[in-house]
>>> print(open('entry.cif').read())   # mmCIF, C-alpha atoms and all ligand atoms
data_my_file
#
loop_
_atom_site.label_atom_id
_atom_site.label_comp_id
_atom_site.auth_asym_id
_atom_site.auth_seq_id
_atom_site.Cartn_x
_atom_site.Cartn_y
_atom_site.Cartn_z
CA MET V 124 83.92 113.00 97.14
CA SER V 125 82.23 112.92 100.54
CA LYS V 126 80.29 109.80 99.66
CA HIS V 127 83.60 107.97 99.51
CA PHE V 128 84.51 108.88 103.06
CA LYS V 129 83.87 106.09 105.50
CA ILE V 130 83.82 106.44 109.25
CA PRO V 131 85.22 108.61 110.69
CA ALA V 132 84.26 111.38 108.33
CA ILE V 133 85.90 114.76 108.79
CA ALA V 134 83.61 117.12 110.68
CA SER V 135 82.41 119.80 108.30
CA SER V 136 83.42 122.39 110.90
CA GLU V 137 87.03 121.34 110.36
CA ILE V 138 86.91 122.02 106.66
CA THR V 139 87.52 125.31 104.99
CA PRO V 140 86.63 125.62 101.33
CA GLU V 141 90.18 125.89 100.06
CA PRO V 142 91.52 122.70 101.65
CA VAL V 143 88.47 120.86 100.35
CA TYR V 144 89.26 122.10 96.90
CA LEU V 145 92.93 121.20 97.24
CA LYS V 146 92.11 117.77 98.61
CA ARG V 147 89.69 117.10 95.82
CA ARG V 148 92.31 118.09 93.30
CA ALA V 149 94.84 115.83 95.01
CA LEU V 150 92.36 112.98 94.96
CA MET V 151 91.45 113.46 91.35
CA GLN V 152 95.05 113.69 90.33
CA ALA V 153 96.00 110.66 92.36
CA ALA V 154 93.15 108.72 90.82
CA GLY V 155 94.29 109.83 87.36
CA LEU V 156 90.89 111.42 86.79
CA ALA V 157 92.16 114.69 85.45
CA ALA V 158 95.38 116.03 84.03
CA LEU V 159 95.55 119.08 86.23
CA PRO V 160 98.51 121.31 86.85
CA LEU V 161 100.39 120.59 90.04
CA LEU V 162 99.02 122.79 92.77
CA GLY V 163 101.67 122.34 95.39
CA GLY V 164 104.31 123.57 93.01
CA VAL V 165 107.12 121.31 92.00
CA SER V 166 109.09 120.18 95.00
CA ARG V 167 112.35 122.08 95.21
CA ALA V 168 114.06 118.75 95.79
CA ALA V 169 112.34 117.35 92.72
CA GLN V 170 113.28 120.16 90.39
CA GLY V 171 115.33 118.78 87.56
CA GLU V 172 114.80 115.21 88.76
CA GLU V 173 113.66 112.61 86.26
CA THR V 174 110.81 110.77 87.95
CA THR V 175 108.72 107.99 86.53
CA GLY V 176 105.31 106.62 87.44
CA GLY V 177 103.16 107.93 90.25
CA ALA V 178 100.35 110.45 90.08
CA PRO V 179 101.19 114.05 91.01
CA LEU V 180 100.04 115.11 94.47
CA ALA V 181 99.00 118.53 95.74
CA TYR V 182 100.92 119.42 98.87
CA ARG V 183 102.46 122.32 100.69
CA GLU V 184 106.12 123.01 101.21
CA PRO V 185 107.90 121.74 104.33
CA ASP V 186 107.61 123.59 107.62
CA SER V 187 110.73 125.00 109.22
CA ALA V 188 114.14 123.42 109.07
CA ALA V 189 114.37 124.22 112.79
CA GLY V 190 111.62 121.67 113.43
CA GLY V 191 113.55 119.06 111.43
CA PHE V 192 110.89 119.07 108.68
CA THR V 193 113.44 119.71 105.95
CA THR V 194 117.18 119.64 105.48
CA GLY V 195 119.66 121.58 103.41
CA GLU V 196 121.30 118.29 102.43
CA GLN V 197 121.15 117.12 98.83
CA ALA V 198 118.22 114.78 98.21
CA THR V 199 119.19 111.30 97.00
CA PRO V 200 118.32 110.94 93.30
CA TYR V 201 114.91 109.43 92.53
CA ALA V 202 116.54 106.53 90.69
CA ASP V 203 118.47 105.47 93.81
CA VAL V 204 115.57 105.99 96.22
CA THR V 205 113.37 103.72 94.13
CA ALA V 206 115.89 101.09 92.96
CA TYR V 207 117.64 100.17 96.22
CA GLY V 208 115.75 99.19 99.33
CA ASN V 209 114.33 96.64 101.71
CA PHE V 210 110.84 95.19 101.38
CA TYR V 211 111.25 91.56 102.40
CA GLU V 212 107.76 90.63 101.21
CA PHE V 213 109.31 90.80 97.72
CA GLY V 214 112.69 89.20 98.48
CA THR V 215 115.89 89.94 100.38
CA ASP V 216 118.00 91.37 97.55
CA LYS V 217 118.14 95.19 97.51
CA GLY V 218 116.77 95.15 93.96
CA ASP V 219 113.91 92.70 94.65
CA PRO V 220 111.37 95.35 95.75
CA ALA V 221 111.83 97.29 92.50
CA ARG V 222 111.70 94.03 90.50
CA HIS V 223 108.63 92.48 92.11
CA ALA V 224 106.52 95.03 93.99
CA HIS V 225 104.51 95.92 90.87
CA GLN V 226 102.60 92.69 91.60
CA MET V 227 101.06 94.23 94.73
CA ILE V 228 97.52 95.50 94.09
CA ILE V 229 97.09 98.83 95.89
CA ASP V 230 93.69 99.91 94.58
CA PRO V 231 91.38 99.16 96.35
CA TRP V 232 93.16 99.59 99.69
CA SER V 233 91.87 99.87 103.20
CA LEU V 234 93.59 100.78 106.42
CA GLU V 235 91.83 99.67 109.58
CA VAL V 236 92.31 101.55 112.86
CA ASP V 237 91.08 99.89 116.04
CA GLY V 238 91.99 98.93 119.59
CA ALA V 239 92.02 101.63 122.27
CA VAL V 240 90.15 104.25 120.22
CA ARG V 241 86.70 105.71 120.69
CA LYS V 242 85.86 105.57 117.00
CA PRO V 243 87.36 102.50 115.33
CA GLY V 244 87.04 102.52 111.56
CA LYS V 245 88.62 102.21 108.16
CA LEU V 246 90.23 104.57 105.70
CA HIS V 247 90.02 103.71 102.02
CA LEU V 248 92.49 104.68 99.31
CA GLU V 249 90.65 107.88 98.44
CA ASP V 250 90.51 108.92 102.11
CA ILE V 251 94.22 108.26 102.52
CA LEU V 252 95.25 110.21 99.42
CA GLY V 253 92.60 112.91 99.57
CA GLY V 254 91.50 113.23 103.17
CA PHE V 255 94.53 114.84 104.80
CA ASP V 256 96.53 118.01 104.39
CA LEU V 257 99.58 116.83 102.49
CA GLN V 258 102.98 118.39 103.05
CA GLU V 259 106.50 117.74 101.87
CA ARG V 260 109.06 116.51 104.41
CA ILE V 261 112.70 116.15 103.41
CA TYR V 262 114.12 113.58 105.83
CA ARG V 263 117.25 111.53 106.26
CA LEU V 264 116.54 107.78 106.29
CA ARG V 265 119.18 105.64 108.01
CA CYS V 266 118.94 101.87 107.58
CA VAL V 267 120.22 99.67 110.43
CA GLU V 268 122.48 98.10 107.77
CA ALA V 269 124.41 101.42 107.62
CA TRP V 270 123.27 102.84 104.27
CA SER V 271 121.28 106.05 104.14
CA MET V 272 119.44 108.45 101.87
CA VAL V 273 117.70 111.83 101.92
CA VAL V 274 114.11 111.53 100.70
CA PRO V 275 111.58 114.24 99.83
CA TRP V 276 108.46 112.50 101.14
CA VAL V 277 104.90 113.79 100.78
CA GLY V 278 102.53 112.85 103.58
CA PHE V 279 100.67 113.87 106.71
CA PRO V 280 101.50 113.60 110.42
CA LEU V 281 100.63 110.22 111.95
CA ALA V 282 99.08 112.28 114.79
CA ASP V 283 96.50 113.69 112.32
CA LEU V 284 95.42 110.17 111.43
CA LEU V 285 95.30 108.88 115.02
CA GLN V 286 93.31 111.88 116.24
CA ARG V 287 90.52 111.11 113.74
CA PHE V 288 89.89 107.86 115.59
CA GLU V 289 89.97 109.46 119.06
CA PRO V 290 92.59 107.53 121.04
CA GLY V 291 91.52 106.55 124.56
CA SER V 292 93.62 107.54 127.56
CA GLU V 293 94.60 103.88 128.01
CA ALA V 294 96.40 103.86 124.62
CA ARG V 295 100.15 103.70 125.32
CA TYR V 296 101.47 102.04 122.17
CA VAL V 297 100.65 101.91 118.46
CA ALA V 298 101.02 98.69 116.47
CA PHE V 299 101.25 98.61 112.66
CA GLU V 300 100.86 95.80 110.14
CA THR V 301 101.75 95.55 106.46
CA LEU V 302 99.57 93.91 103.84
CA TYR V 303 100.12 90.13 103.69
CA ARG V 304 99.04 88.71 100.37
CA PRO V 305 101.30 85.80 99.39
CA SER V 306 99.96 85.54 95.83
CA GLU V 307 101.38 89.02 95.14
CA MET V 308 104.44 88.77 97.39
CA PRO V 309 107.07 86.27 96.28
CA GLY V 310 109.26 86.92 99.35
CA THR V 311 106.55 85.62 101.68
CA ARG V 312 106.42 82.35 99.72
CA SER V 313 110.15 81.77 100.02
CA PHE V 314 111.10 78.66 101.99
CA THR V 315 114.11 80.48 103.39
CA SER V 316 112.03 83.24 104.96
CA THR V 317 111.87 82.97 108.74
CA ILE V 318 109.60 85.98 109.16
CA ASP V 319 106.23 85.41 110.79
CA TRP V 320 104.14 87.53 108.40
CA PRO V 321 102.64 90.07 108.30
CA TYR V 322 105.52 92.52 108.89
CA ARG V 323 104.80 94.28 112.18
CA GLU V 324 106.10 97.43 113.81
CA GLY V 325 105.28 99.57 116.80
CA LEU V 326 105.82 102.91 118.50
CA ARG V 327 105.22 104.33 121.93
CA MET V 328 102.24 106.70 121.88
CA ASP V 329 104.36 109.82 122.49
CA GLU V 330 106.67 108.82 119.61
CA ALA V 331 103.66 108.29 117.36
CA MET V 332 102.22 111.70 118.25
CA HIS V 333 105.53 113.50 117.64
CA PRO V 334 105.21 115.97 114.73
CA LEU V 335 108.08 114.31 112.83
CA SER V 336 106.27 110.93 112.63
CA LEU V 337 104.86 110.89 109.13
CA MET V 338 102.45 108.76 107.12
CA ALA V 339 103.95 109.10 103.64
CA VAL V 340 101.83 108.72 100.51
CA GLY V 341 104.37 110.05 98.04
CA LEU V 342 107.94 110.93 97.23
CA TYR V 343 109.36 113.47 94.82
CA GLY V 344 105.88 115.02 94.55
CA LYS V 345 104.13 111.90 93.26
CA THR V 346 102.34 108.91 94.79
CA LEU V 347 104.68 106.27 96.21
CA PRO V 348 106.13 103.64 93.93
CA ASN V 349 105.02 100.21 95.21
CA GLN V 350 108.57 99.29 96.24
CA ASN V 351 108.71 102.24 98.63
CA GLY V 352 105.52 101.18 100.42
CA ALA V 353 102.50 102.31 98.38
CA PRO V 354 99.95 103.51 99.02
CA VAL V 355 100.85 104.56 102.58
CA ARG V 356 103.83 103.88 104.84
CA LEU V 357 105.21 105.13 108.10
CA VAL V 358 108.37 107.28 108.22
CA VAL V 359 110.06 107.84 111.60
CA PRO V 360 113.25 109.68 110.65
CA TRP V 361 115.14 109.39 113.98
CA LYS V 362 114.84 105.59 114.07
CA TYR V 363 116.49 102.88 111.98
CA GLY V 364 114.63 102.32 108.72
CA PHE V 365 113.05 99.01 109.76
CA LYS V 366 110.66 100.96 112.01
CA SER V 367 109.31 102.76 108.92
CA ILE V 368 106.85 100.04 107.97
CA LYS V 369 105.55 99.98 104.40
CA SER V 370 102.13 99.42 102.83
CA VAL V 371 100.20 99.65 106.11
CA VAL V 372 96.76 97.98 106.37
CA ARG V 373 96.18 97.97 110.10
CA ILE V 374 96.91 100.25 113.05
CA ARG V 375 95.98 99.20 116.57
CA LEU V 376 96.25 101.28 119.73
CA LEU V 377 97.30 99.19 122.69
CA GLU V 378 97.96 99.33 126.41
CA LYS V 379 100.89 96.93 126.15
CA ARG V 380 103.97 97.05 123.96
CA PRO V 381 103.41 95.06 120.75
CA ARG V 382 105.73 92.36 119.39
CA THR V 383 107.51 93.60 116.29
CA THR V 384 109.01 91.65 113.40
CA TRP V 385 112.74 92.32 113.82
CA GLU V 386 112.64 92.28 117.60
CA SER V 387 110.97 88.85 117.44
CA LEU V 388 113.53 87.52 114.94
CA ALA V 389 116.69 88.67 116.74
CA PRO V 390 116.02 90.59 119.97
CA GLU V 391 119.72 91.00 120.78
CA GLU V 392 120.30 92.70 117.41
CA TYR V 393 117.15 94.75 116.79
CA GLY V 394 115.43 96.49 119.66
CA PHE V 395 111.95 97.94 119.96
CA TYR V 396 113.26 101.51 120.17
CA ALA V 397 115.80 101.32 117.32
CA ASN V 398 116.80 104.96 117.73
CA VAL V 399 119.70 105.82 115.43
CA ASN V 400 122.74 105.94 117.73
CA PRO V 401 126.35 106.10 116.52
CA ASN V 402 127.56 105.15 120.03
CA VAL V 403 125.71 101.83 120.28
CA ASP V 404 127.01 99.34 117.75
CA HIS V 405 125.03 96.52 116.21
CA PRO V 406 126.52 93.25 117.56
CA ARG V 407 127.90 92.51 114.08
CA TRP V 408 128.94 95.96 112.81
CA SER V 409 129.68 99.53 113.82
CA GLN V 410 126.93 102.15 113.66
CA ALA V 411 129.38 105.08 113.83
CA SER V 412 129.16 105.86 110.11
CA GLU V 413 126.94 105.21 107.09
CA ARG V 414 127.08 104.96 103.29
CA ARG V 415 125.02 107.80 101.85
CA LEU V 416 123.45 106.72 98.54
CA PRO V 417 124.45 106.93 95.74
CA SER V 418 127.43 104.95 96.92
CA THR V 419 129.77 102.69 94.97
CA LEU V 420 132.71 100.47 95.81
CA PHE V 421 135.11 103.12 94.52
CA SER V 422 133.22 106.06 95.92
CA PRO V 423 131.54 104.78 99.09
CA ASN V 424 130.44 108.23 100.26
CA ARG V 425 130.87 107.35 103.93
CA ILE V 426 129.72 109.98 106.44
CA PRO V 427 129.46 110.02 110.23
CA THR V 428 126.13 108.92 111.68
CA GLN V 429 124.42 111.49 113.87
CA MET V 430 122.70 110.91 117.21
CA PHE V 431 118.98 110.31 116.57
CA ASN V 432 119.93 110.62 112.88
CA GLY V 433 120.34 114.39 113.35
CA TYR V 434 116.95 114.90 115.06
CA ALA V 435 118.24 115.01 118.66
CA GLU V 436 117.03 118.55 119.18
CA GLN V 437 113.49 117.50 118.31
CA VAL V 438 113.29 114.07 119.98
CA ALA V 439 115.95 113.59 122.68
CA HIS V 440 113.48 114.67 125.40
CA LEU V 441 111.34 111.60 124.65
CA TYR V 442 114.10 109.38 126.04
CA LYS V 443 115.26 111.47 128.99
CA GLY V 444 116.65 109.30 131.77
CA MET V 445 116.57 106.15 129.62
CA ASP V 446 119.67 103.99 129.18
CA LEU V 447 119.98 104.02 125.39
CA ALA V 448 122.53 101.20 125.37
CA ARG V 449 120.01 98.90 127.08
CA ASN V 450 116.96 100.27 125.29
CA TYR V 451 118.45 100.03 121.79
N1 LIG V 501 108.29 97.38 105.62
C1 LIG V 501 107.92 96.14 105.26
N2 LIG V 501 106.62 95.85 105.22
N3 LIG V 501 108.82 95.18 104.90
C2 LIG V 501 110.17 95.43 104.95
O1 LIG V 501 110.95 94.52 104.65
N4 LIG V 501 111.95 97.06 105.43
C3 LIG V 501 112.30 98.18 106.31
C4 LIG V 501 111.39 99.38 106.09
N5 LIG V 501 110.00 98.97 105.99
C5 LIG V 501 110.61 96.72 105.34
C6 LIG V 501 109.62 97.70 105.65
C7 LIG V 501 113.69 98.60 106.17
S1 LIG V 501 114.87 97.55 106.82
C8 LIG V 501 114.05 99.81 105.61
S2 LIG V 501 115.67 100.35 105.66
C9 LIG V 501 113.06 100.66 104.96
O2 LIG V 501 111.77 100.06 104.89
C10 LIG V 501 113.52 100.99 103.55
O3 LIG V 501 112.62 101.87 102.94
P1 LIG V 501 112.87 102.31 101.41
O4 LIG V 501 113.00 101.03 100.61
O5 LIG V 501 111.72 103.14 101.02
O6 LIG V 501 114.17 103.05 101.44
#
>>> encode(input="entry.cif", output="structure tokens")
Amino acid sequence: MSKHFKIPAIASSEITPEPVYLKRRALMQAAGLAALPLLGGVSRAAQGEETTGGAPLAYREPDSAAGGFTTGEQATPYADVTAYGNFYEFGTDKGDPARHAHQMIIDPWSLEVDGAVRKPGKLHLEDILGGFDLQERIYRLRCVEAWSMVVPWVGFPLADLLQRFEPGSEARYVAFETLYRPSEMPGTRSFTSTIDWPYREGLRMDEAMHPLSLMAVGLYGKTLPNQNGAPVRLVVPWKYGFKSIKSVVRIRLLEKRPRTTWESLAPEEYGFYANVNPNVDHPRWSQASERRLPSTLFSPNRIPTQMFNGYAEQVAHLYKGMDLARNY
């Protein structure tokens, strides 16, 4: 496996035999090379869930609920998590990602990390799936459009990835970009699209290094379906879903705040911070409550929205002294 690792390789001093073994198993399973039993155990959230597609991943169970790494709330069924979503590269209808994202080629894949880092470099698909300690994280995801779900992701902390590339002290922001390949992405070819592709997002460095910021490679114990952002996407559970950029190909560390897609399109509606906040309404709708999927016209399943999407205890200190109505 090591011959597949490009710069930066993991220092051998960091590796203990068991994780190497587990990672190799994860890699082989993800690559479909061997039909091996699941090592991480079946996700508790996934038990009894019908899942399709995806290669099984080896991962460990979530850390403490106190840290926000898991929730006692019912996970949204796999069918809803994968059928309903936003991925504008494939169209604006909630069903378009599931209909069209199979066209996106995700193997080979490379993720470039550069900018204010001491060791710029690239991760390839096998490094992404097999080079990190995978863990389950059961998070709420709250879309700015006021629908929400609970998703059992599998991934690794964004901090683990950034540290490999040795951020410089001048790095204050992190910028992310999604793959832009029009031949595979009908939404980017649409004449009605006003988005300046690729899809871009950003975080402040302290937000990026927070232990809840996750690079997800799977859900329900298997590799991500394309529509959910395969092979690797960001998940920032205390922010509106548009911050959780899918199918990431580039990460740049910057001194200055990057321009992001939704902020560029409508700055008065979508801010850079985009922290979930029931007290600050979107100019066109209330953010006080949300529709938890599965939700229907007759059974909307409306619940109150929580400050920082329920992660205030873990993240409120990041915004101490900031006016959250101005910095929305
Ligand atoms: N990433 C890209 N590249 N393109 C998108 O259109 N939509 C965002 C986010 N990431 C989007 C994206 C929005 S608005 C939401 S709510 C979440 O993805 C939805 O993620 P899900 O489909 O996995 O639920």
>>> atom_distance(input="entry.cif", atom1="atom O6 of ligand LIG 501 (chain V)", atom2="CA of Phe210 in chain V")
8.5 Å
>>> residues_near_ligand(input="entry.cif", ligand="ligand LIG 501 (chain V)", cutoff="8 Å", atoms="all atoms listed in the file", output="MDAnalysis selection string")
chainID V and resid 204:205 207:212 215 220 264:268 272 300:302 321:323 350:352 356 363:371
>>> residues_around(input="entry.cif", residues="range 227-241 of chain V", least_positions_apart="6", cutoff="9 Å", atoms="only C-alpha atoms", output="ChimeraX atom specification")
/V:247-249,251,285,288-295,304,306-308,349,353-354,370-378
>>> atom_distance(input="entry.cif", atom1="CA of His225 in chain V", atom2="CA of Gly176 in chain V")
11.3 Å
>>> closest_residue(input="entry.cif", among="V:Glu436, V:Asp219, V:Glu386, V:Glu172", to="Thr199 in chain V", atoms="only C-alpha atoms")
V:Glu172
>>> closest_residue(input="entry.cif", among="V:Asn424, V:Ser336, V:Thr383, V:Gln429", to="Pro401 in chain V", atoms="all atoms listed in the file")
V:Gln429
>>> atom_distance(input="entry.cif", atom1="CA of Glu324 in chain V", atom2="CA of Phe299 in chain V")
5.1 Å
>>> closest_residue(input="entry.cif", among="V:Trp408, V:Trp385, V:Phe279, V:Tyr393", to="Arg183 in chain V", atoms="all atoms listed in the file")
V:Phe279
>>> axis_aligned_box(input="entry.cif", around="range 423-427 of chain V", padding_each_side="5 Å", output="lines of an AutoDock Vina configuration file")
center_x = 130.5
center_y = 107.4
center_z = 104.7
size_x = 12.1
size_y = 15.2
size_z = 21.1
>>> closest_residue(input="entry.cif", among="V:Met338, V:Val274, V:Leu420, V:Leu357", to="Gln197 in chain V", atoms="all atoms listed in the file")
V:Val274
>>> closest_residue(input="entry.cif", among="V:Gln226, V:Gln286, V:Ser387, V:Ser187", to="Arg260 in chain V", atoms="only C-alpha atoms")
V:Ser187
>>> residues_around(input="entry.cif", residues="Tyr201 in chain V", least_positions_apart="4", cutoff="9 Å", atoms="all atoms listed in the file", output="ChimeraX atom specification")
/V:169,172-175,205-206,274,342-343
>>> closest_residue(input="entry.cif", among="V:Arg382, V:Arg449, V:His223, V:Arg287", to="Gly244 in chain V", atoms="only C-alpha atoms")
V:Arg287
>>> residues_near_point(input="entry.cif", point="(131.2, 110.5, 115.5)", cutoff="7 Å", atoms="all atoms listed in the file", output="VMD selection string")
chain V and resid 401 411 427 to 428
>>> closest_atom_pairs(input="entry.cif", of="range 319-378 of chain V", to="range 438-445 of chain V", cutoff="10 Å", atoms="all atoms listed in the file", output="tab-separated table")
residue	atom	partner	partner_atom	distance
V:Arg327	CA	V:Leu441	CA	9.9
V:Asp329	CA	V:Leu441	CA	7.5
V:Glu330	CA	V:Leu441	CA	7.4
V:His333	CA	V:Val438	CA	8.1
V:Pro334	CA	V:Val438	CA	9.8
V:Leu335	CA	V:Val438	CA	8.9
V:Trp361	CA	V:Val438	CA	7.8
>>> decode(input="entry.cif", residues="range 343-369 of chain V", atoms="C-alpha atoms", output="PDB file, in the first residue's frame")
ATOM      1  CA  TYR V 343     -24.186   4.270   7.046  1.00  0.00           C
ATOM      2  CA  GLY V 344     -20.866   2.394   7.210  1.00  0.00           C
ATOM      3  CA  LYS V 345     -20.167   2.448   3.466  1.00  0.00           C
ATOM      4  CA  THR V 346     -18.377   4.759   1.030  1.00  0.00           C
ATOM      5  CA  LEU V 347     -20.387   7.850   0.089  1.00  0.00           C
ATOM      6  CA  PRO V 348     -22.924   7.648  -2.697  1.00  0.00           C
ATOM      7  CA  ASN V 349     -21.920  10.145  -5.412  1.00  0.00           C
ATOM      8  CA  GLN V 350     -24.936  12.352  -4.693  1.00  0.00           C
ATOM      9  CA  ASN V 351     -23.768  12.890  -1.115  1.00  0.00           C
ATOM     10  CA  GLY V 352     -20.330  14.096  -2.219  1.00  0.00           C
ATOM     11  CA  ALA V 353     -18.144  11.081  -3.023  1.00  0.00           C
ATOM     12  CA  PRO V 354     -15.391  10.365  -2.498  1.00  0.00           C
ATOM     13  CA  VAL V 355     -14.770  13.009   0.186  1.00  0.00           C
ATOM     14  CA  ARG V 356     -16.777  15.969   1.464  1.00  0.00           C
ATOM     15  CA  LEU V 357     -16.680  18.396   4.337  1.00  0.00           C
ATOM     16  CA  VAL V 358     -19.245  18.213   7.163  1.00  0.00           C
ATOM     17  CA  VAL V 359     -19.478  21.155   9.591  1.00  0.00           C
ATOM     18  CA  PRO V 360     -22.504  20.260  11.714  1.00  0.00           C
ATOM     19  CA  TRP V 361     -23.066  23.633  13.451  1.00  0.00           C
ATOM     20  CA  LYS V 362     -23.295  25.535  10.154  1.00  0.00           C
ATOM     21  CA  TYR V 363     -25.949  25.582   7.442  1.00  0.00           C
ATOM     22  CA  GLY V 364     -25.514  22.698   5.021  1.00  0.00           C
ATOM     23  CA  PHE V 365     -24.145  24.818   2.163  1.00  0.00           C
ATOM     24  CA  LYS V 366     -20.846  25.103   4.067  1.00  0.00           C
ATOM     25  CA  SER V 367     -20.488  21.298   3.893  1.00  0.00           C
ATOM     26  CA  ILE V 368     -18.954  21.260   0.422  1.00  0.00           C
ATOM     27  CA  LYS V 369     -19.073  18.004  -1.536  1.00  0.00           C
TER      28      LYS V 369
END
